[in-house]
>>> print(open('coords-v8.tsv').read())   # TSV, C-alpha atoms
chain	number	residue	atom	x	y	z
A	1	MET	CA	-43.03	10.75	56.40
A	2	LYS	CA	-43.63	9.61	52.82
A	3	LYS	CA	-43.47	13.18	51.42
A	4	ILE	CA	-40.13	13.79	53.14
A	5	LYS	CA	-38.62	10.69	51.45
A	6	ILE	CA	-39.76	11.91	48.00
A	7	GLY	CA	-38.05	15.28	48.62
A	8	LYS	CA	-34.78	13.60	49.50
A	9	LYS	CA	-34.85	11.53	46.32
A	10	LEU	CA	-35.48	14.62	44.22
A	11	LYS	CA	-32.66	16.43	45.96
A	12	ILE	CA	-30.27	13.54	45.31
A	13	LEU	CA	-31.34	13.42	41.64
A	14	LEU	CA	-30.75	17.14	41.22
A	15	ILE	CA	-27.34	16.87	42.80
A	16	CYS	CA	-26.41	13.99	40.46
A	17	CYS	CA	-27.61	15.93	37.41
A	18	GLY	CA	-25.63	18.98	38.44
A	19	ALA	CA	-22.52	16.94	38.97
A	20	LEU	CA	-22.96	15.32	35.55
A	21	ILE	CA	-23.36	18.72	33.91
A	22	LEU	CA	-20.19	19.97	35.62
A	23	ILE	CA	-18.26	16.89	34.48
A	24	LEU	CA	-19.46	17.27	30.85
A	25	ALA	CA	-18.64	20.99	30.88
A	26	GLY	CA	-15.19	20.23	32.22
A	27	LEU	CA	-14.58	17.63	29.55
A	28	PHE	CA	-15.77	20.03	26.82
A	29	ILE	CA	-13.52	22.83	28.07
A	30	ALA	CA	-10.56	20.47	28.39
A	31	ARG	CA	-11.16	19.23	24.86
A	32	LYS	CA	-11.28	22.77	23.50
A	33	ILE	CA	-8.12	23.68	25.36
A	34	GLY	CA	-6.40	20.54	24.05
A	35	GLN	CA	-7.56	21.20	20.51
A	36	ALA	CA	-6.39	24.83	20.69
A	37	SER	CA	-3.05	23.67	22.06
A	38	LYS	CA	-2.74	21.12	19.28
A	39	GLU	CA	-3.58	23.70	16.63
A	40	GLN	CA	-0.86	25.97	17.99
A	41	LYS	CA	1.66	23.19	17.33
A	42	ILE	CA	0.63	22.67	13.68
A	43	THR	CA	2.92	24.48	11.25
A	44	TYR	CA	3.19	24.88	7.49
A	45	THR	CA	6.31	25.53	5.40
A	46	VAL	CA	6.41	28.10	2.60
A	47	LYS	CA	7.50	26.37	-0.62
A	48	SER	CA	8.73	27.68	-3.95
A	49	GLU	CA	7.24	26.25	-7.12
A	50	THR	CA	7.99	27.12	-10.76
A	51	TYR	CA	5.10	27.32	-13.17
A	52	GLU	CA	6.03	26.66	-16.80
A	53	ASN	CA	3.64	27.40	-19.64
A	54	CYS	CA	5.05	25.04	-22.23
A	55	ILE	CA	4.35	22.39	-24.86
A	56	GLU	CA	6.04	19.06	-24.21
A	57	ILE	CA	7.75	17.38	-27.17
A	58	ALA	CA	9.76	14.26	-28.00
A	59	GLY	CA	11.49	12.93	-31.08
A	60	THR	CA	14.77	12.19	-32.83
A	61	ILE	CA	17.29	14.84	-33.81
A	62	ALA	CA	18.64	14.89	-37.38
A	63	ALA	CA	21.48	16.54	-39.29
A	64	ALA	CA	20.81	19.81	-41.10
A	65	GLU	CA	21.19	17.97	-44.43
A	66	GLU	CA	21.75	14.34	-45.33
A	67	GLN	CA	22.57	12.71	-48.67
A	68	THR	CA	22.51	9.00	-49.30
A	69	LEU	CA	25.46	8.19	-51.57
A	70	GLN	CA	24.20	6.02	-54.42
A	71	ALA	CA	24.78	5.66	-58.14
A	72	LEU	CA	21.99	6.34	-60.62
A	73	SER	CA	23.10	3.52	-62.93
A	74	SER	CA	24.88	0.15	-62.82
A	75	GLY	CA	28.61	-0.32	-63.38
A	76	THR	CA	32.08	-0.98	-62.00
A	77	VAL	CA	33.71	1.47	-59.60
A	78	LEU	CA	36.83	3.01	-61.20
A	79	GLY	CA	37.64	5.59	-58.55
A	80	VAL	CA	36.86	6.46	-54.90
A	81	TYR	CA	38.16	9.95	-54.09
A	82	VAL	CA	37.20	10.36	-50.40
A	83	GLN	CA	37.08	8.32	-47.22
A	84	LYS	CA	34.97	8.28	-44.06
A	85	GLY	CA	35.38	11.50	-42.05
A	86	ASP	CA	36.55	13.65	-44.98
A	87	LYS	CA	35.05	17.10	-45.53
A	88	VAL	CA	33.78	17.77	-49.04
A	89	LYS	CA	32.42	20.74	-50.97
A	90	LYS	CA	29.29	20.91	-53.06
A	91	GLY	CA	30.06	19.45	-56.50
A	92	ASP	CA	33.03	17.32	-55.39
A	93	ILE	CA	33.16	13.87	-57.05
A	94	ILE	CA	32.97	11.16	-54.39
A	95	LEU	CA	33.22	8.10	-56.67
A	96	GLN	CA	33.34	7.33	-60.39
A	97	LEU	CA	31.82	4.40	-62.30
A	98	ASP	CA	33.19	3.06	-65.57
A	99	SER	CA	31.76	5.29	-68.33
A	100	THR	CA	33.65	3.89	-71.35
A	101	GLU	CA	30.49	2.85	-73.19
A	102	GLN	CA	28.77	6.19	-72.64
A	103	GLU	CA	31.86	8.14	-73.78
A	104	TYR	CA	32.13	5.97	-76.91
A	105	ASN	CA	28.49	6.63	-77.75
A	106	LEU	CA	29.06	10.37	-77.31
A	107	ALA	CA	32.15	10.37	-79.54
A	108	LYS	CA	30.29	8.41	-82.26
A	109	LEU	CA	27.37	10.84	-82.10
A	110	ASP	CA	29.72	13.82	-82.46
A	111	TYR	CA	31.18	12.20	-85.62
A	112	ASP	CA	27.71	11.62	-87.04
A	113	MET	CA	26.71	15.21	-86.24
A	114	ASP	CA	29.71	16.53	-88.24
A	115	SER	CA	28.50	14.55	-91.26
A	116	THR	CA	24.95	15.77	-90.79
A	117	ARG	CA	26.08	19.40	-90.75
A	118	ILE	CA	27.63	18.90	-94.20
A	119	SER	CA	24.99	16.92	-96.06
A	120	GLY	CA	22.14	16.08	-93.65
A	121	ALA	CA	18.80	17.67	-93.03
A	122	LYS	CA	18.38	20.44	-90.46
A	123	LYS	CA	15.71	18.44	-88.61
A	124	GLN	CA	18.04	15.45	-88.25
A	125	LEU	CA	20.71	17.67	-86.72
A	126	GLN	CA	18.22	18.98	-84.15
A	127	LEU	CA	17.38	15.43	-83.10
A	128	GLN	CA	21.06	14.58	-82.76
A	129	GLU	CA	21.60	17.61	-80.51
A	130	VAL	CA	18.85	16.37	-78.18
A	131	GLN	CA	20.40	12.91	-78.21
A	132	ARG	CA	23.76	14.43	-77.29
A	133	LEU	CA	22.29	16.07	-74.20
A	134	SER	CA	20.92	12.69	-73.15
A	135	LEU	CA	24.32	11.05	-73.52
A	136	LEU	CA	26.01	13.81	-71.50
A	137	GLN	CA	23.52	13.19	-68.69
A	138	LYS	CA	24.27	9.45	-68.77
A	139	ILE	CA	27.96	10.22	-68.34
A	140	GLU	CA	27.17	12.45	-65.35
A	141	ASP	CA	25.07	9.65	-63.88
A	142	ARG	CA	28.23	7.54	-63.68
A	143	LYS	CA	29.47	9.83	-60.90
A	144	VAL	CA	28.36	10.26	-57.29
A	145	VAL	CA	28.65	13.98	-56.48
A	146	ALA	CA	28.24	15.91	-53.20
A	147	THR	CA	25.10	18.05	-53.32
A	148	PHE	CA	26.19	20.28	-50.38
A	149	ASP	CA	29.18	21.05	-48.16
A	150	GLY	CA	29.49	18.38	-45.51
A	151	ILE	CA	31.29	15.42	-43.94
A	152	ILE	CA	31.41	11.82	-45.15
A	153	ALA	CA	29.68	10.08	-42.25
A	154	ASP	CA	29.85	6.61	-43.75
A	155	LEU	CA	31.40	5.06	-46.88
A	156	ASP	CA	31.60	1.39	-47.81
A	157	VAL	CA	32.91	0.98	-51.38
A	158	ALA	CA	36.20	0.23	-53.10
A	159	VAL	CA	37.68	0.38	-56.61
A	160	GLY	CA	36.56	-2.64	-58.62
A	161	ASP	CA	33.23	-3.09	-56.82
A	162	SER	CA	30.22	-3.73	-59.02
A	163	MET	CA	27.21	-1.56	-58.28
A	164	GLU	CA	23.57	-1.74	-59.28
A	165	ALA	CA	21.47	1.33	-59.80
A	166	LYS	CA	20.31	2.86	-56.48
A	167	ASP	CA	22.81	0.83	-54.41
A	168	SER	CA	23.65	2.84	-51.28
A	169	VAL	CA	27.36	3.01	-50.36
A	170	GLY	CA	27.45	5.74	-47.70
A	171	THR	CA	26.09	8.96	-46.24
A	172	LEU	CA	27.07	12.60	-46.49
A	173	VAL	CA	25.85	14.91	-43.71
A	174	ASN	CA	25.86	18.60	-42.95
A	175	VAL	CA	26.05	19.03	-39.16
A	176	GLU	CA	26.30	22.80	-39.12
A	177	TYR	CA	23.10	22.60	-37.07
A	178	LEU	CA	20.65	19.90	-35.94
A	179	LYS	CA	16.90	19.81	-36.53
A	180	ALA	CA	13.82	17.73	-35.76
A	181	ASN	CA	10.15	17.53	-36.62
A	182	VAL	CA	7.91	17.23	-33.56
A	183	GLU	CA	4.19	16.58	-33.22
A	184	ILE	CA	2.14	19.46	-31.86
A	185	ALA	CA	-1.47	18.82	-30.87
A	186	GLU	CA	-4.00	20.91	-32.78
A	187	THR	CA	-5.08	22.61	-29.54
A	188	ASP	CA	-1.54	23.94	-29.01
A	189	VAL	CA	-0.71	25.14	-32.54
A	190	SER	CA	-2.16	28.61	-31.88
A	191	LYS	CA	0.41	29.07	-29.09
A	192	LEU	CA	3.40	28.56	-31.41
A	193	LYS	CA	5.61	31.43	-32.57
A	194	VAL	CA	8.71	31.38	-34.76
A	195	GLY	CA	11.81	31.76	-32.57
A	196	GLN	CA	10.25	30.42	-29.35
A	197	LYS	CA	12.82	28.88	-27.01
A	198	VAL	CA	13.02	25.07	-26.97
A	199	ILE	CA	14.79	23.16	-24.19
A	200	PHE	CA	16.10	19.73	-25.27
A	201	THR	CA	17.11	16.88	-22.96
A	202	PHE	CA	19.11	13.95	-24.36
A	203	PRO	CA	19.70	10.59	-22.64
A	204	ALA	CA	23.24	10.72	-24.04
A	205	TYR	CA	24.03	14.10	-22.47
A	206	ASN	CA	24.01	15.23	-18.85
A	207	GLY	CA	22.32	18.60	-19.14
A	208	SER	CA	19.99	20.51	-21.42
A	209	VAL	CA	20.51	22.09	-24.84
A	210	GLU	CA	18.74	25.22	-26.06
A	211	GLY	CA	17.14	25.57	-29.48
A	212	TYR	CA	14.22	27.36	-31.09
A	213	VAL	CA	11.12	26.92	-33.25
A	214	VAL	CA	11.77	27.32	-36.99
A	215	GLY	CA	8.23	26.97	-38.30
A	216	TRP	CA	5.33	24.66	-39.10
A	217	PRO	CA	3.21	23.85	-42.18
A	218	ALA	CA	-0.08	25.52	-43.00
A	219	ILE	CA	-1.87	22.17	-42.92
A	220	GLY	CA	-2.34	19.54	-40.22
A	221	GLU	CA	-2.45	15.78	-40.49
A	222	VAL	CA	-4.15	12.89	-38.78
A	223	THR	CA	-1.94	10.26	-37.14
A	224	SER	CA	-2.56	6.52	-37.10
A	225	ARG	CA	-3.91	7.02	-33.57
A	226	GLY	CA	-6.59	9.35	-34.92
A	227	ALA	CA	-5.06	12.50	-33.38
A	228	THR	CA	-4.86	15.70	-35.41
A	229	ILE	CA	-1.39	17.22	-35.21
A	230	VAL	CA	1.02	19.59	-36.95
A	231	ASN	CA	4.66	18.65	-37.50
A	232	ALA	CA	6.65	21.68	-36.36
A	233	GLU	CA	10.36	22.05	-37.09
A	234	VAL	CA	12.72	22.84	-34.21
A	235	ARG	CA	16.44	23.53	-34.50
A	236	ILE	CA	19.69	23.61	-32.47
A	237	ASP	CA	22.48	25.87	-33.75
A	238	LYS	CA	25.01	25.21	-30.97
A	239	TYR	CA	25.27	21.78	-29.41
A	240	PRO	CA	27.84	19.68	-27.49
A	241	PRO	CA	29.88	17.04	-29.37
A	242	GLU	CA	28.16	14.27	-27.37
A	243	ILE	CA	24.96	14.88	-29.38
A	244	LEU	CA	24.90	13.11	-32.73
A	245	PRO	CA	22.28	12.92	-35.49
A	246	ASN	CA	19.54	10.34	-34.84
A	247	PHE	CA	19.82	10.65	-31.05
A	248	SER	CA	16.48	10.69	-29.20
A	249	PHE	CA	15.34	13.57	-27.05
A	250	THR	CA	12.54	14.94	-24.91
A	251	GLY	CA	11.92	18.63	-24.43
A	252	LYS	CA	9.57	21.56	-24.10
A	253	ILE	CA	8.65	24.60	-26.15
A	254	GLN	CA	8.39	27.56	-23.78
A	255	ILE	CA	5.23	29.56	-24.48
A	256	THR	CA	6.10	32.11	-21.76
A	257	ASP	CA	9.04	32.47	-19.38
A	258	PRO	CA	8.85	30.35	-16.20
A	259	VAL	CA	7.32	32.05	-13.13
A	260	ASP	CA	8.47	31.31	-9.56
A	261	ASN	CA	5.63	31.24	-6.99
A	262	LEU	CA	5.69	31.13	-3.19
A	263	ILE	CA	2.91	28.83	-2.01
A	264	VAL	CA	1.60	27.52	1.30
A	265	GLU	CA	-1.44	25.62	2.57
A	266	ARG	CA	-4.44	27.90	3.04
A	267	TYR	CA	-4.72	26.91	6.75
A	268	ALA	CA	-1.61	29.04	7.43
A	269	ILE	CA	-3.49	32.20	6.41
A	270	GLY	CA	-5.23	34.30	9.04
A	271	ARG	CA	-7.68	37.18	8.58
A	272	GLU	CA	-8.20	40.38	10.55
A	273	ASN	CA	-10.50	43.18	9.40
A	274	LYS	CA	-10.54	41.84	5.83
A	275	ASP	CA	-6.72	41.80	5.79
A	276	THR	CA	-4.74	38.56	5.48
A	277	PHE	CA	-1.63	37.67	7.44
A	278	VAL	CA	0.71	34.82	8.36
A	279	GLU	CA	2.45	34.20	11.67
A	280	LEU	CA	6.04	33.02	11.97
A	281	ALA	CA	6.31	29.94	14.19
A	282	SER	CA	9.73	30.93	15.52
A	283	SER	CA	8.92	34.44	16.75
A	284	GLY	CA	5.14	34.81	16.56
A	285	GLU	CA	5.58	37.83	14.31
A	286	LYS	CA	2.53	38.55	12.16
A	287	ILE	CA	3.26	39.51	8.57
A	288	SER	CA	0.67	41.11	6.31
A	289	VAL	CA	0.39	39.31	2.96
A	290	LYS	CA	-1.69	39.28	-0.18
A	291	ILE	CA	-2.71	35.93	-1.62
A	292	ALA	CA	-4.34	34.32	-4.63
A	293	PRO	CA	-5.92	30.85	-5.02
A	294	TYR	CA	-3.49	28.16	-6.15
A	295	GLY	CA	-4.77	24.67	-6.66
A	296	SER	CA	-6.59	22.53	-4.13
A	297	GLY	CA	-5.90	23.64	-0.55
A	298	PHE	CA	-3.06	26.02	-1.44
A	299	VAL	CA	-2.65	29.76	-1.91
A	300	LYS	CA	-0.02	31.80	-3.70
A	301	ILE	CA	1.63	34.61	-1.71
A	302	THR	CA	1.79	37.56	-4.12
A	303	GLU	CA	2.94	40.24	-1.65
A	304	GLY	CA	4.52	40.18	1.79
A	305	ASN	CA	7.88	39.77	3.52
A	306	VAL	CA	7.80	35.98	3.32
A	307	LYS	CA	10.43	33.71	1.79
A	308	GLU	CA	10.85	30.06	0.88
A	309	GLY	CA	11.43	27.87	3.93
A	310	ASP	CA	9.61	30.10	6.43
A	311	ILE	CA	7.64	28.01	8.95
A	312	LEU	CA	4.19	29.42	9.71
A	313	LYS	CA	1.72	28.73	12.49
A	314	ALA	CA	-1.66	27.27	11.63
A	315	GLN	CA	-4.47	29.82	11.75
A	316	SER	CA	-7.27	27.32	11.21
A	317	ALA	CA	-7.64	23.57	11.57
A	318	PRO	CA	-7.74	21.40	8.43
A	319	LYS	CA	-10.81	19.32	7.82
A	320	VAL	CA	-10.36	15.59	8.41
A	321	SER	CA	-11.89	14.69	5.05
A	322	GLY	CA	-9.64	15.64	2.14
A	323	SER	CA	-7.42	17.82	4.31
A	324	ILE	CA	-3.89	18.84	3.47
A	325	ARG	CA	-1.17	17.27	5.57
A	326	PRO	CA	0.55	20.12	7.52
A	327	ASN	CA	4.27	19.35	7.68
A	328	GLY	CA	3.57	15.65	8.01
A	329	GLN	CA	0.62	16.06	10.43
A	330	GLY	CA	-3.14	16.13	10.00
A	331	GLY	CA	-5.48	14.05	7.89
A	332	ARG	CA	-5.42	12.55	4.41
A	333	GLN	CA	-2.85	13.90	1.97
A	334	GLY	CA	-4.36	16.47	-0.40
A	335	GLN	CA	-3.39	17.07	-4.01
A	336	LEU	CA	-0.39	19.33	-4.56
A	337	PRO	CA	-0.85	21.92	-7.29
A	338	GLY	CA	2.16	20.57	-9.14
A	339	GLN	CA	0.18	17.38	-9.78
A	340	ARG	CA	-2.32	19.16	-11.99
A	341	ALA	CA	0.08	20.08	-14.79
A	342	GLY	CA	-1.20	19.56	-18.30
A	343	THR	CA	0.30	19.54	-21.80
A	344	SER	CA	0.53	23.32	-21.94
A	345	GLY	CA	1.49	24.00	-18.34
A	346	GLN	CA	3.60	22.20	-15.79
A	347	ARG	CA	4.73	23.04	-12.28
A	348	SER	CA	7.95	22.02	-10.62
A	349	GLY	CA	10.02	22.78	-7.56
A	350	MET	CA	8.17	20.73	-4.92
A	351	GLY	CA	9.90	17.45	-5.56
A	352	MET	CA	7.34	16.50	-8.17
A	353	PRO	CA	8.51	14.06	-10.85
A	354	GLY	CA	9.04	15.40	-14.35
A	355	GLY	CA	8.48	13.79	-17.71
A	356	PHE	CA	7.83	14.77	-21.28
A	357	PRO	CA	5.29	12.71	-23.09
A	358	GLY	CA	5.06	14.13	-26.60
A	359	ALA	CA	2.30	16.62	-27.26
A	360	GLY	CA	-0.68	15.10	-28.97
A	361	ARG	CA	0.29	11.59	-27.97
>>> encode(input="coords-v8.tsv", output="structure tokens")
Amino acid sequence: MKKIKIGKKLKILLICCGALILILAGLFIARKIGQASKEQKITYTVKSETYENCIEIAGTIAAAEEQTLQALSSGTVLGVYVQKGDKVKKGDIILQLDSTEQEYNLAKLDYDMDSTRISGAKKQLQLQEVQRLSLLQKIEDRKVVATFDGIIADLDVAVGDSMEAKDSVGTLVNVEYLKANVEIAETDVSKLKVGQKVIFTFPAYNGSVEGYVVGWPAIGEVTSRGATIVNAEVRIDKYPPEILPNFSFTGKIQITDPVDNLIVERYAIGRENKDTFVELASSGEKISVKIAPYGSGFVKITEGNVKEGDILKAQSAPKVSGSIRPNGQGGRQGQLPGQRAGTSGQRSGMGMPGGFPGAGR
């Protein structure tokens, strides 16, 4: 009777173990089915992103030429021949100082030179001729003359005013074009070429303005921050009237033309017989594509009948740790490739913020 009881216990234990195994197997299968169903619901959207190989710049725009209007000697203003806003030609007299004393000294010297020619020594006459040139220059220094064709941007002087040497009374500018010197980091100088396109953005203007690289010196310099840079000259030939000299700007020198890329998370890519494909979520159609790596967790679609905005089914599940968020689902947000842009390359088109900190800063 004792052996029969042991057999019953063993039978009951085996039945319990079998039932437990069936329950665990059922749970495992249900979990797999649920996971597969969940993966089928995950989708990824094809996005367009523009890659720009460029050098970011910032600075202040200046007139093509600028002359500070100031006298080279002291005196009283006898004549002002222009006013603010007037156009002048190179050589035009802008204002005249009293030159009575200088003209008297010249006339007296001419009289003395006539006497010297009659009875004086040849050496003395030579010295007087040099002195005469000096007096003529002093008379010229009593005038303020335009050194180029331009516009009187500012003028604050009137007849009768007393001026000291080097007193500034206004500004003459040539605004035929605008120019600026911008800092280029030493690591980017080798990428520069004369004529490269430059895109300017001004806070005072709603839009962008196109210019180009004029050139750069054959020697670098070290800034107060300890950075080695080259000051390159950039120029704008055609610009809107809202842009004035001394306005600030940000911009970029385009090393190569921008390239538009179609990108998607790598979990949307499937593989069959060494070929890659994507599957449209709306129809289930499989489309053969060729891809290339593109940042962390993304691929670039180089070939295939896929366009921006297409919604694709997930072909593999993202990892929980460091995964990319599929259309708002999944684990922790991964890094978008547009967030890796550097000084000489930036990506846009995925809602990423822009910005142009000056190169070398």
>>> closest_residue(input="coords-v8.tsv", among="A:Pro240, A:Gly220, A:Gly160, A:Pro245", to="A:Val175", atoms="all atoms listed in the file")
A:Pro245
>>> closest_residue(input="coords-v8.tsv", among="A:Ala165, A:Ala58, A:Ser190, A:Lys47", to="A:Asp310", atoms="only C-alpha atoms")
A:Lys47
>>> atom_distance(input="coords-v8.tsv", atom1="atom CA of A:Lys290", atom2="atom CA of A:Gln254")
28.2 Å
>>> closest_residue(input="coords-v8.tsv", among="A:Ile23, A:Val144, A:Val194, A:Leu280", to="A:Asp98", atoms="only C-alpha atoms")
A:Val144
>>> atom_distance(input="coords-v8.tsv", atom1="atom CA of A:Val234", atom2="atom CA of A:Asn261")
29.4 Å
>>> residues_around(input="coords-v8.tsv", residues="stretch 62-72 of chain A", least_positions_apart="4", cutoff="6 Å", atoms="all atoms listed in the file", output="ChimeraX atom specification")
/A:141,144,165-175,177-180,245-246
>>> residues_near_point(input="coords-v8.tsv", point="(21.8, 15.9, -18.3)", cutoff="12 Å", atoms="only C-alpha atoms", output="CSV table (one decimal) with C-alpha atoms, in the coordinates of the input")
chain,number,residue,atom,x,y,z
A,199,ILE,CA,14.8,23.2,-24.2
A,200,PHE,CA,16.1,19.7,-25.3
A,201,THR,CA,17.1,16.9,-23.0
A,202,PHE,CA,19.1,14.0,-24.4
A,203,PRO,CA,19.7,10.6,-22.6
A,204,ALA,CA,23.2,10.7,-24.0
A,205,TYR,CA,24.0,14.1,-22.5
A,206,ASN,CA,24.0,15.2,-18.8
A,207,GLY,CA,22.3,18.6,-19.1
A,208,SER,CA,20.0,20.5,-21.4
A,209,VAL,CA,20.5,22.1,-24.8
A,240,PRO,CA,27.8,19.7,-27.5
A,242,GLU,CA,28.2,14.3,-27.4
A,243,ILE,CA,25.0,14.9,-29.4
A,249,PHE,CA,15.3,13.6,-27.0
A,250,THR,CA,12.5,14.9,-24.9
A,251,GLY,CA,11.9,18.6,-24.4
>>> atom_distance(input="coords-v8.tsv", atom1="atom CA of A:Ile229", atom2="atom CA of A:Glu176")
28.5 Å
>>> closest_residue(input="coords-v8.tsv", among="A:Leu106, A:Val299, A:Val198, A:Ile152", to="A:Asp86", atoms="only C-alpha atoms")
A:Ile152
